[in-house]
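Peer 1: One file: query_39.pdb (PDB, C-alpha atoms (C1' of nucleotides)).
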```
ATOM      1  CA  MET A   1       8.290  14.877  29.814
ATOM      2  CA  PRO A   2       9.582  12.053  27.620
ATOM      3  CA  CYS A   3       8.024  11.246  24.302
ATOM      4  CA  HIS A   4       8.622   9.503  21.024
ATOM      5  CA  ASP A   5      10.348  11.540  18.348
ATOM      6  CA  SER A   6       8.006  13.286  15.971
ATOM      7  CA  PRO A   7       9.246  14.386  12.553
ATOM      8  CA  ASP A   8       9.525  18.100  11.881
ATOM      9  CA  LEU A   9       6.691  19.856  10.084
ATOM     10  CA  GLU A  10       8.683  20.636   6.936
ATOM     11  CA  LYS A  11       9.690  17.019   6.607
ATOM     12  CA  LEU A  12       6.126  15.732   6.435
ATOM     13  CA  ASP A  13       5.319  14.241   3.063
ATOM     14  CA  LEU A  14       1.828  14.176   1.573
ATOM     15  CA  ILE A  15       2.211  10.714   0.055
ATOM     16  CA  THR A  16       3.440   9.333   3.377
ATOM     17  CA  VAL A  17       0.515  10.902   5.220
ATOM     18  CA  LEU A  18      -2.003   9.580   2.694
ATOM     19  CA  ARG A  19      -0.506   6.112   2.831
ATOM     20  CA  ALA A  20      -0.666   6.154   6.621
ATOM     21  CA  LEU A  21      -4.340   7.084   6.502
ATOM     22  CA  ALA A  22      -5.223   4.646   3.736
ATOM     23  CA  ASP A  23      -5.545   1.726   6.080
ATOM     24  CA  PRO A  24      -8.784   0.828   7.879
ATOM     25  CA  VAL A  25      -7.161   0.079  11.236
ATOM     26  CA  ARG A  26      -5.164   3.309  11.235
ATOM     27  CA  LEU A  27      -8.001   5.470   9.975
ATOM     28  CA  ASP A  28     -10.083   4.048  12.794
ATOM     29  CA  ILE A  29      -7.387   4.937  15.330
ATOM     30  CA  VAL A  30      -7.175   8.460  13.927
ATOM     31  CA  GLN A  31     -10.916   8.869  13.965
ATOM     32  CA  ARG A  32     -11.142   7.719  17.580
ATOM     33  CA  LEU A  33      -8.316  10.016  18.606
ATOM     34  CA  TYR A  34     -10.163  12.874  16.946
ATOM     35  CA  VAL A  35     -13.155  12.193  19.179
ATOM     36  CA  LEU A  36     -11.224  11.343  22.338
ATOM     37  CA  GLY A  37      -8.520  13.988  22.064
ATOM     38  CA  GLU A  38      -5.888  11.884  23.764
ATOM     39  CA  ALA A  39      -5.753   8.189  24.544
ATOM     40  CA  ASN A  40      -3.330   5.443  25.365
ATOM     41  CA  CYS A  41      -2.836   2.504  23.064
ATOM     42  CA  ALA A  42      -5.023   0.139  25.051
ATOM     43  CA  ALA A  43      -8.026   2.417  24.599
ATOM     44  CA  LEU A  44      -7.568   2.329  20.838
ATOM     45  CA  ILE A  45      -6.855  -1.338  20.389
ATOM     46  CA  GLY A  46      -9.735  -3.578  19.593
ATOM     47  CA  SER A  47      -8.841  -7.182  20.121
ATOM     48  CA  ARG A  48      -5.705  -7.112  18.014
ATOM     49  CA  PRO A  49      -2.347  -8.191  19.336
ATOM     50  CA  LYS A  50      -0.134  -5.530  20.794
ATOM     51  CA  SER A  51       2.574  -6.013  18.195
ATOM     52  CA  SER A  52       0.162  -5.194  15.363
ATOM     53  CA  MET A  53      -0.981  -2.070  17.119
ATOM     54  CA  SER A  54       2.528  -0.991  17.905
ATOM     55  CA  HIS A  55       3.256  -1.193  14.197
ATOM     56  CA  HIS A  56       0.281   0.990  13.273
ATOM     57  CA  PHE A  57       1.154   3.577  15.899
ATOM     58  CA  GLN A  58       4.679   3.660  14.578
ATOM     59  CA  VAL A  59       3.449   4.329  11.041
ATOM     60  CA  LEU A  60       1.166   7.098  12.272
ATOM     61  CA  ARG A  61       3.951   8.615  14.353
ATOM     62  CA  GLU A  62       6.577   8.474  11.627
ATOM     63  CA  SER A  63       4.240   9.999   9.075
ATOM     64  CA  GLY A  64       3.726  12.883  11.497
ATOM     65  CA  ILE A  65       0.033  12.319  12.126
ATOM     66  CA  LEU A  66       0.241  11.651  15.811
ATOM     67  CA  HIS A  67       2.385  12.473  18.760
ATOM     68  CA  THR A  68       3.099  10.169  21.677
ATOM     69  CA  ARG A  69       3.662  11.548  25.137
ATOM     70  CA  ILE A  70       5.080   9.017  27.575
ATOM     71  CA  GLU A  71       3.961   9.168  31.169
ATOM     72  CA  GLY A  72       5.272   6.331  33.223
ATOM     73  CA  VAL A  73       4.161   3.122  31.589
ATOM     74  CA  GLN A  74       1.426   4.700  29.531
ATOM     75  CA  HIS A  75       1.792   6.238  26.085
ATOM     76  CA  HIS A  76      -0.637   9.056  25.516
ATOM     77  CA  ASN A  77      -1.360   9.598  21.835
ATOM     78  CA  SER A  78      -2.875  12.641  20.224
ATOM     79  CA  LEU A  79      -3.289  13.938  16.683
ATOM     80  CA  ARG A  80      -0.969  16.748  15.581
ATOM     81  CA  LEU A  81      -3.923  18.629  14.167
ATOM     82  CA  GLN A  82      -2.640  22.184  14.509
ATOM     83  CA  GLU A  83       0.686  21.318  12.929
ATOM     84  CA  LEU A  84      -0.900  19.280  10.153
ATOM     85  CA  GLU A  85      -3.208  22.202   9.459
ATOM     86  CA  ILE A  86      -0.192  24.444   8.929
ATOM     87  CA  ARG A  87       1.626  21.975   6.720
ATOM     88  CA  PHE A  88      -1.385  20.646   4.763
ATOM     89  CA  PRO A  89      -4.265  23.107   5.173
ATOM     90  CA  GLY A  90      -7.682  21.503   5.181
ATOM     91  CA  LEU A  91      -6.405  17.979   4.700
ATOM     92  CA  MET A  92      -7.180  16.380   8.042
ATOM     93  CA  ASP A  93     -10.513  18.177   8.306
ATOM     94  CA  SER A  94     -11.658  16.879   4.967
ATOM     95  CA  ILE A  95     -10.618  13.340   5.806
ATOM     96  CA  LEU A  96     -11.978  13.307   9.353
ATOM     97  CA  ASN A  97     -15.277  14.707   8.115
ATOM     98  CA  ASN A  98     -15.573  12.008   5.486
ATOM     99  CA  THR A  99     -14.891   8.858   7.461
ATOM    100  CA  GLU A 100     -17.749   6.425   7.818
ATOM    101  CA  ALA A 101     -17.866   7.317  11.493
ATOM    102  CA  ALA A 102     -18.339  10.998  10.664
ATOM    103  CA  GLN A 103     -21.073  10.205   8.155
ATOM    104  CA  LEU A 104     -22.808   8.083  10.763
ATOM    105  CA  ARG A 105     -22.562  10.905  13.290
ATOM    106  CA  ARG A 106     -24.186  13.253  10.794
ATOM    107  CA  GLN A 107     -26.980  10.806  10.045
ATOM    108  CA  THR A 108     -27.892  10.127  13.658
ATOM    109  CA  SER A 109     -27.728  13.763  14.708
ATOM    110  CA  SER A 110     -30.089  14.963  11.967
TER     111      SER A 110
ATOM    112  CA  MET B   1     -20.021   8.086 -26.650
ATOM    113  CA  PRO B   2     -18.305   5.008 -25.282
ATOM    114  CA  CYS B   3     -16.385   5.060 -22.048
ATOM    115  CA  HIS B   4     -15.012   2.881 -19.308
ATOM    116  CA  ASP B   5     -17.378   2.051 -16.490
ATOM    117  CA  SER B   6     -17.165   4.380 -13.522
ATOM    118  CA  PRO B   7     -18.407   3.266 -10.117
ATOM    119  CA  ASP B   8     -21.493   4.977  -8.699
ATOM    120  CA  LEU B   9     -21.034   7.835  -6.267
ATOM    121  CA  GLU B  10     -22.498   5.992  -3.258
ATOM    122  CA  LYS B  11     -20.150   3.096  -3.829
ATOM    123  CA  LEU B  12     -17.007   5.192  -3.508
ATOM    124  CA  ASP B  13     -14.992   4.279  -0.459
ATOM    125  CA  LEU B  14     -12.729   6.710   1.389
ATOM    126  CA  ILE B  15     -10.028   4.146   2.083
ATOM    127  CA  THR B  16      -9.989   3.087  -1.560
ATOM    128  CA  VAL B  17      -9.721   6.691  -2.713
ATOM    129  CA  LEU B  18      -6.913   7.442  -0.264
ATOM    130  CA  ARG B  19      -5.022   4.320  -1.287
ATOM    131  CA  ALA B  20      -5.357   5.270  -4.936
ATOM    132  CA  LEU B  21      -3.932   8.719  -4.219
ATOM    133  CA  ALA B  22      -1.171   7.465  -1.925
ATOM    134  CA  ASP B  23       1.107   6.560  -4.818
ATOM    135  CA  PRO B  24       3.560   9.005  -6.368
ATOM    136  CA  VAL B  25       2.844   8.036  -9.957
ATOM    137  CA  ARG B  26      -0.906   8.258  -9.515
ATOM    138  CA  LEU B  27      -0.841  11.455  -7.497
ATOM    139  CA  ASP B  28       1.226  12.944 -10.305
ATOM    140  CA  ILE B  29      -1.325  11.833 -12.887
ATOM    141  CA  VAL B  30      -4.126  13.325 -10.811
ATOM    142  CA  GLN B  31      -2.253  16.558 -10.318
ATOM    143  CA  ARG B  32      -1.578  16.884 -14.050
ATOM    144  CA  LEU B  33      -5.186  16.137 -14.880
ATOM    145  CA  TYR B  34      -6.208  18.847 -12.444
ATOM    146  CA  VAL B  35      -4.130  21.339 -14.411
ATOM    147  CA  LEU B  36      -4.926  20.030 -17.879
ATOM    148  CA  GLY B  37      -8.606  19.304 -17.361
ATOM    149  CA  GLU B  38      -8.653  16.404 -19.761
ATOM    150  CA  ALA B  39      -5.844  14.393 -21.310
ATOM    151  CA  ASN B  40      -5.155  11.090 -22.974
ATOM    152  CA  CYS B  41      -2.842   8.572 -21.410
ATOM    153  CA  ALA B  42       0.148   9.439 -23.604
ATOM    154  CA  ALA B  43       0.112  13.008 -22.311
ATOM    155  CA  LEU B  44       0.303  11.760 -18.731
ATOM    156  CA  ILE B  45       2.876   9.068 -19.140
ATOM    157  CA  GLY B  46       6.464   9.918 -18.453
ATOM    158  CA  SER B  47       8.798   7.302 -19.792
ATOM    159  CA  ARG B  48       7.097   4.368 -18.143
ATOM    160  CA  PRO B  49       5.853   1.387 -20.090
ATOM    161  CA  LYS B  50       2.254   1.445 -21.221
ATOM    162  CA  SER B  51       1.308  -1.577 -19.177
ATOM    163  CA  SER B  52       2.347   0.129 -15.944
ATOM    164  CA  MET B  53       0.355   3.196 -16.821
ATOM    165  CA  SER B  54      -2.667   1.186 -17.807
ATOM    166  CA  HIS B  55      -2.560  -0.339 -14.350
ATOM    167  CA  HIS B  56      -2.474   3.042 -12.606
ATOM    168  CA  PHE B  57      -5.328   4.376 -14.715
ATOM    169  CA  GLN B  58      -7.338   1.317 -13.835
ATOM    170  CA  VAL B  59      -6.770   1.889 -10.109
ATOM    171  CA  LEU B  60      -7.790   5.539 -10.439
ATOM    172  CA  ARG B  61     -10.867   4.623 -12.456
ATOM    173  CA  GLU B  62     -12.009   1.854 -10.152
ATOM    174  CA  SER B  63     -11.570   4.019  -7.082
ATOM    175  CA  GLY B  64     -13.848   6.577  -8.755
ATOM    176  CA  ILE B  65     -11.285   9.343  -9.056
ATOM    177  CA  LEU B  66     -11.250   9.610 -12.811
ATOM    178  CA  HIS B  67     -13.487   8.997 -15.748
ATOM    179  CA  THR B  68     -12.346   7.796 -19.135
ATOM    180  CA  ARG B  69     -14.151   8.871 -22.278
ATOM    181  CA  ILE B  70     -13.203   6.865 -25.345
ATOM    182  CA  GLU B  71     -13.033   8.656 -28.667
ATOM    183  CA  GLY B  72     -11.707   6.495 -31.422
ATOM    184  CA  VAL B  73      -8.311   5.249 -30.401
ATOM    185  CA  GLN B  74      -7.774   7.850 -27.728
ATOM    186  CA  HIS B  75      -8.884   7.628 -24.129
ATOM    187  CA  HIS B  76      -9.658  11.028 -22.660
ATOM    188  CA  ASN B  77      -9.277  11.074 -18.895
ATOM    189  CA  SER B  78     -10.680  13.629 -16.508
ATOM    190  CA  LEU B  79     -11.105  13.913 -12.748
ATOM    191  CA  ARG B  80     -14.613  13.396 -11.377
ATOM    192  CA  LEU B  81     -14.234  16.507  -9.255
ATOM    193  CA  GLN B  82     -17.870  17.544  -8.989
ATOM    194  CA  GLU B  83     -18.961  14.053  -8.026
ATOM    195  CA  LEU B  84     -16.117  13.583  -5.578
ATOM    196  CA  GLU B  85     -17.025  16.919  -4.010
ATOM    197  CA  ILE B  86     -20.536  15.634  -3.380
ATOM    198  CA  ARG B  87     -19.392  12.325  -1.944
ATOM    199  CA  PHE B  88     -16.359  13.591   0.012
ATOM    200  CA  PRO B  89     -16.693  17.357   0.467
ATOM    201  CA  GLY B  90     -13.394  19.193   0.475
ATOM    202  CA  LEU B  91     -11.259  16.114   0.066
ATOM    203  CA  MET B  92      -9.879  16.558  -3.439
ATOM    204  CA  ASP B  93      -9.396  20.283  -2.939
ATOM    205  CA  SER B  94      -7.317  19.764   0.150
ATOM    206  CA  ILE B  95      -5.186  17.122  -1.527
ATOM    207  CA  LEU B  96      -4.731  18.958  -4.820
ATOM    208  CA  ASN B  97      -3.781  22.118  -2.958
ATOM    209  CA  ASN B  98      -1.161  20.285  -0.953
ATOM    210  CA  THR B  99       0.751  18.385  -3.608
ATOM    211  CA  GLU B 100       4.353  19.389  -4.159
ATOM    212  CA  ALA B 101       3.309  20.770  -7.525
ATOM    213  CA  ALA B 102       0.728  23.030  -5.891
ATOM    214  CA  GLN B 103       3.233  24.240  -3.331
ATOM    215  CA  LEU B 104       5.688  25.004  -6.115
ATOM    216  CA  ARG B 105       2.998  26.919  -7.991
ATOM    217  CA  ARG B 106       2.342  29.016  -4.904
ATOM    218  CA  GLN B 107       6.034  29.722  -4.368
ATOM    219  CA  THR B 108       6.710  30.835  -7.916
ATOM    220  CA  SER B 109       3.596  32.957  -8.158
ATOM    221  CA  SER B 110       4.290  34.887  -4.986
TER     222      SER B 110
ATOM    223  C1'  DT C   1      -6.429  -4.327 -46.913
ATOM    224  C1'  DC C   2      -2.383  -3.003 -44.603
ATOM    225  C1'  DT C   3      -0.150  -0.390 -41.122
ATOM    226  C1'  DA C   4       0.473   2.603 -37.325
ATOM    227  C1'  DT C   5      -1.314   4.056 -33.057
ATOM    228  C1'  DA C   6      -3.547   3.773 -28.350
ATOM    229  C1'  DG C   7      -4.412   1.219 -24.858
ATOM    230  C1'  DT C   8      -5.575  -3.403 -22.449
ATOM    231  C1'  DT C   9      -4.610  -8.038 -20.787
ATOM    232  C1'  DC C  10      -1.666 -11.641 -19.249
ATOM    233  C1'  DG C  11       1.921 -13.691 -16.663
ATOM    234  C1'  DA C  12       6.041 -13.344 -14.035
ATOM    235  C1'  DT C  13       8.812 -11.170 -10.605
ATOM    236  C1'  DA C  14      10.056  -8.469  -6.831
ATOM    237  C1'  DA C  15       9.152  -5.382  -3.121
ATOM    238  C1'  DC C  16       6.376  -3.883   0.333
ATOM    239  C1'  DG C  17       3.329  -4.075   4.209
ATOM    240  C1'  DA C  18      -0.060  -6.284   7.494
ATOM    241  C1'  DT C  19      -0.344  -9.732  10.899
ATOM    242  C1'  DC C  20       1.065 -12.228  14.821
ATOM    243  C1'  DG C  21       3.656 -14.870  18.452
ATOM    244  C1'  DA C  22       7.570 -14.618  21.356
ATOM    245  C1'  DA C  23      11.067 -12.385  23.640
ATOM    246  C1'  DC C  24      12.396  -8.080  25.481
ATOM    247  C1'  DT C  25      12.434  -3.305  28.076
ATOM    248  C1'  DA C  26      10.944  -0.183  31.327
ATOM    249  C1'  DT C  27       8.066   1.658  34.818
ATOM    250  C1'  DA C  28       4.738   1.437  38.811
ATOM    251  C1'  DG C  29       3.272  -0.639  42.793
ATOM    252  C1'  DA C  30       3.238  -4.271  46.407
TER     253       DA C  30
ATOM    254  C1'  DT D   1      13.013  -7.261  45.125
ATOM    255  C1'  DC D   2       9.272  -9.308  42.819
ATOM    256  C1'  DT D   3       5.371  -8.922  39.844
ATOM    257  C1'  DA D   4       2.122  -6.919  36.795
ATOM    258  C1'  DT D   5       1.423  -3.765  33.148
ATOM    259  C1'  DA D   6       2.343  -1.089  28.758
ATOM    260  C1'  DG D   7       4.452  -1.077  24.914
ATOM    261  C1'  DT D   8       8.489  -2.224  21.626
ATOM    262  C1'  DT D   9      11.410  -5.207  18.802
ATOM    263  C1'  DC D  10      12.346  -9.244  16.185
ATOM    264  C1'  DG D  11      11.517 -12.672  12.836
ATOM    265  C1'  DA D  12       8.482 -15.268   9.990
ATOM    266  C1'  DT D  13       4.649 -15.637   6.947
ATOM    267  C1'  DC D  14       1.414 -14.230   3.686
ATOM    268  C1'  DG D  15      -1.284 -11.328   0.776
ATOM    269  C1'  DT D  16      -1.193  -7.300  -2.040
ATOM    270  C1'  DT D  17       0.616  -4.358  -5.407
ATOM    271  C1'  DA D  18       4.042  -2.079  -8.561
ATOM    272  C1'  DT D  19       6.678  -3.053 -12.500
ATOM    273  C1'  DC D  20       7.490  -4.631 -17.032
ATOM    274  C1'  DG D  21       7.747  -7.315 -21.476
ATOM    275  C1'  DA D  22       4.980  -9.598 -24.735
ATOM    276  C1'  DA D  23       0.912 -10.628 -26.919
ATOM    277  C1'  DC D  24      -3.519  -8.894 -27.961
ATOM    278  C1'  DT D  25      -7.639  -5.654 -29.461
ATOM    279  C1'  DA D  26      -9.594  -1.980 -31.747
ATOM    280  C1'  DT D  27      -9.758   2.157 -34.371
ATOM    281  C1'  DA D  28      -8.024   5.618 -37.844
ATOM    282  C1'  DG D  29      -5.895   6.550 -41.939
ATOM    283  C1'  DA D  30      -3.247   5.455 -46.185
TER     284       DA D  30
END
```
Translate the structure of the given file into structure tokens.

Peer 2:
Amino acid sequence: MPCHDSPDLEKLDLITVLRALADPVRLDIVQRLYVLGEANCAALIGSRPKSSMSHHFQVLRESGILHTRIEGVQHHNSLRLQELEIRFPGLMDSILNNTEAAQLRRQTSS
Amino acid sequence: MPCHDSPDLEKLDLITVLRALADPVRLDIVQRLYVLGEANCAALIGSRPKSSMSHHFQVLRESGILHTRIEGVQHHNSLRLQELEIRFPGLMDSILNNTEAAQLRRQTSS
DNA sequence: TCTATAGTTCGATAACGATCGAACTATAGA
DNA sequence: TCTATAGTTCGATCGTTATCGAACTATAGA
């Protein structure tokens, strides 16, 4: 099962991860992936050009936040939540629970 | 007791906070403040010029991460941990516990 | 009043990163 | 083999930001 290279756990760098998440487009992608579990690029692109999205996925991949499994023509992306939890305990939880989307979810469900 | 303006809690933005923390110099300042509690700029500056540091403190202040209390000539900086905990539960904890400095502390104390 | 100290502001520069169109690669299906 | 689809790579542009020296402000203390 082919896939893009993902950096090893030990090599993940907090600054790099924070910088990857500190962008509205990428945080949106991450938030959607959190809800969807796995998705191809098309499902996560709004109306932006493919080249822009490819760039953001690359940043997220290289920072270690997501993993890309390639199946034929489609690239299936998913968050590396378990691994991130080992490397940076609590980090992704605290960010995913504090996105605007998460705060909206809390509001509407209460 | 004079001080720099700090943005209101509701106005704090996750992306802005993450971007402020996603810089090695600033994350180092924040990490030191976490250990020291309160410190003036001089205590947090390495060998960098004052104007660079003033810039980083401004970014941290405007993002809502730190508060600056002015006492005479000195500016006493401290993290707004309690307020940040209310606005973004768990966020600062998870970041402060995952800095390189924190990981070093854990290694040497075990 | 003079001086030293602490920090800000200003202006310039340089590096980085987001954005996007166009060309390219690779796979699936007809 | 041809075509459509999914995504990458390349190159250019543009806005943002880090860096720093120099000038400035304000307070404390002699």

Peer 1: Evaluate the PyMOL selection byres ((chain C and resi 15) around 9) against this structure - the residues, as a PDB file with C-alpha atoms (C1' of nucleotides), in the coordinates of the input, please.

Peer 2:
```pdb
ATOM      1  C1'  DA C  14      10.056  -8.469  -6.831  1.00  0.00           C
ATOM      2  C1'  DC C  16       6.376  -3.883   0.333  1.00  0.00           C
TER       3       DC C  16
ATOM      4  C1'  DT D  17       0.616  -4.358  -5.407  1.00  0.00           C
ATOM      5  C1'  DA D  18       4.042  -2.079  -8.561  1.00  0.00           C
TER       6       DA D  18
END
```

Peer 1: Compile the residues of chain A that lie within 8 Å of chain B, evaluated using only C-alpha atoms, and express the compilation as a list in words.

Peer 2: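 Per the criterion, chain A yields Leu14, Ile15, Thr16, Leu18, Arg19, Leu21, Ala22, Asp23, Pro24, Phe88, Pro89, Gly90, Leu91, Ser94, Ile95, Asn98 and Thr99 of chain A.
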
Peer 1: Could you write out as JSON, numbers by chain the residues that the PyMOL selection byres ((chain C) within 10 of (chain B)) matches in the shown file?

Peer 2: {"C": [5, 6, 7, 8, 9]}

Peer 1: Need to verify the contact set: C:DA22, 10 Å, only C-alpha atoms (C1' of nucleotides), exclusion of same-chain residues closer than 2 positions in sequence. Can you return it as an mmCIF file with C-alpha atoms (C1' of nucleotides), in the coordinates of the input?

Peer 2:
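Dumped everything to selection-v7.cif:
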```cif
data_model
loop_
_atom_site.group_PDB
_atom_site.id
_atom_site.type_symbol
_atom_site.label_atom_id
_atom_site.label_comp_id
_atom_site.auth_asym_id
_atom_site.auth_seq_id
_atom_site.Cartn_x
_atom_site.Cartn_y
_atom_site.Cartn_z
ATOM 1 C "C1'" DC C 20 1.065 -12.228 14.821
ATOM 2 C "C1'" DC C 24 12.396 -8.080 25.481
ATOM 3 C "C1'" DC D 10 12.346 -9.244 16.185
ATOM 4 C "C1'" DG D 11 11.517 -12.672 12.836
#
```

Peer 1: If chain A is fitted onto chain B by least squares over all C-alpha atoms, taken pair by pair in sequence order, what do its new coordinates look like as a short mmCIF file (atom, residue, chain, number, x, y, z; two decimals) with C-alpha atoms, keeping the file's coordinate frame?

Peer 2:
```
data_model
loop_
_atom_site.label_atom_id
_atom_site.label_comp_id
_atom_site.auth_asym_id
_atom_site.auth_seq_id
_atom_site.Cartn_x
_atom_site.Cartn_y
_atom_site.Cartn_z
CA MET A 1 -20.03 8.02 -26.66
CA PRO A 2 -18.30 4.93 -25.27
CA CYS A 3 -16.39 5.01 -22.04
CA HIS A 4 -15.00 2.85 -19.29
CA ASP A 5 -17.37 2.03 -16.47
CA SER A 6 -17.15 4.37 -13.52
CA PRO A 7 -18.40 3.25 -10.11
CA ASP A 8 -21.48 4.96 -8.71
CA LEU A 9 -21.03 7.83 -6.27
CA GLU A 10 -22.50 5.99 -3.28
CA LYS A 11 -20.16 3.09 -3.84
CA LEU A 12 -17.01 5.18 -3.53
CA ASP A 13 -14.99 4.27 -0.48
CA LEU A 14 -12.73 6.70 1.35
CA ILE A 15 -10.02 4.13 2.05
CA THR A 16 -9.98 3.09 -1.60
CA VAL A 17 -9.71 6.71 -2.73
CA LEU A 18 -6.90 7.44 -0.26
CA ARG A 19 -5.02 4.33 -1.30
CA ALA A 20 -5.35 5.30 -4.95
CA LEU A 21 -3.92 8.74 -4.22
CA ALA A 22 -1.16 7.48 -1.94
CA ASP A 23 1.12 6.61 -4.80
CA PRO A 24 3.56 9.09 -6.36
CA VAL A 25 2.86 8.10 -9.96
CA ARG A 26 -0.91 8.31 -9.51
CA LEU A 27 -0.84 11.51 -7.51
CA ASP A 28 1.23 12.99 -10.30
CA ILE A 29 -1.33 11.88 -12.89
CA VAL A 30 -4.13 13.38 -10.81
CA GLN A 31 -2.26 16.61 -10.33
CA ARG A 32 -1.58 16.93 -14.06
CA LEU A 33 -5.20 16.17 -14.89
CA TYR A 34 -6.23 18.89 -12.47
CA VAL A 35 -4.15 21.38 -14.44
CA LEU A 36 -4.94 20.05 -17.90
CA GLY A 37 -8.62 19.30 -17.39
CA GLU A 38 -8.66 16.39 -19.79
CA ALA A 39 -5.86 14.38 -21.34
CA ASN A 40 -5.17 11.08 -22.99
CA CYS A 41 -2.86 8.54 -21.43
CA ALA A 42 0.11 9.40 -23.61
CA ALA A 43 0.10 12.98 -22.34
CA LEU A 44 0.30 11.75 -18.76
CA ILE A 45 2.86 9.03 -19.18
CA GLY A 46 6.44 9.91 -18.55
CA SER A 47 8.74 7.30 -19.92
CA ARG A 48 7.06 4.37 -18.22
CA PRO A 49 5.81 1.37 -20.12
CA LYS A 50 2.23 1.40 -21.23
CA SER A 51 1.29 -1.60 -19.12
CA SER A 52 2.35 0.18 -15.92
CA MET A 53 0.33 3.22 -16.83
CA SER A 54 -2.68 1.18 -17.77
CA HIS A 55 -2.56 -0.31 -14.30
CA HIS A 56 -2.46 3.09 -12.60
CA PHE A 57 -5.32 4.41 -14.71
CA GLN A 58 -7.33 1.35 -13.81
CA VAL A 59 -6.77 1.94 -10.10
CA LEU A 60 -7.78 5.58 -10.45
CA ARG A 61 -10.85 4.65 -12.47
CA GLU A 62 -12.00 1.88 -10.15
CA SER A 63 -11.58 4.06 -7.09
CA GLY A 64 -13.84 6.60 -8.77
CA ILE A 65 -11.28 9.38 -9.08
CA LEU A 66 -11.25 9.63 -12.82
CA HIS A 67 -13.48 9.01 -15.76
CA THR A 68 -12.36 7.78 -19.15
CA ARG A 69 -14.15 8.85 -22.29
CA ILE A 70 -13.21 6.83 -25.35
CA GLU A 71 -13.05 8.58 -28.68
CA GLY A 72 -11.76 6.39 -31.42
CA VAL A 73 -8.36 5.13 -30.38
CA GLN A 74 -7.80 7.76 -27.74
CA HIS A 75 -8.89 7.58 -24.11
CA HIS A 76 -9.66 10.98 -22.69
CA ASN A 77 -9.29 11.07 -18.92
CA SER A 78 -10.67 13.63 -16.54
CA LEU A 79 -11.10 13.93 -12.78
CA ARG A 80 -14.60 13.40 -11.39
CA LEU A 81 -14.22 16.51 -9.28
CA GLN A 82 -17.87 17.55 -9.01
CA GLU A 83 -18.96 14.06 -8.04
CA LEU A 84 -16.11 13.59 -5.59
CA GLU A 85 -17.02 16.93 -4.04
CA ILE A 86 -20.54 15.65 -3.40
CA ARG A 87 -19.40 12.34 -1.98
CA PHE A 88 -16.36 13.58 -0.01
CA PRO A 89 -16.68 17.35 0.44
CA GLY A 90 -13.38 19.19 0.48
CA LEU A 91 -11.26 16.09 0.06
CA MET A 92 -9.87 16.54 -3.43
CA ASP A 93 -9.37 20.27 -2.93
CA SER A 94 -7.31 19.74 0.17
CA ILE A 95 -5.17 17.11 -1.50
CA LEU A 96 -4.72 18.95 -4.80
CA ASN A 97 -3.77 22.10 -2.92
CA ASN A 98 -1.16 20.26 -0.90
CA THR A 99 0.76 18.38 -3.56
CA GLU A 100 4.36 19.38 -4.09
CA ALA A 101 3.33 20.77 -7.46
CA ALA A 102 0.74 23.03 -5.83
CA GLN A 103 3.25 24.23 -3.24
CA LEU A 104 5.70 24.99 -6.02
CA ARG A 105 3.03 26.92 -7.91
CA ARG A 106 2.36 29.00 -4.81
CA GLN A 107 6.05 29.70 -4.27
CA THR A 108 6.75 30.83 -7.82
CA SER A 109 3.63 32.96 -8.09
CA SER A 110 4.34 34.93 -4.91
#
```
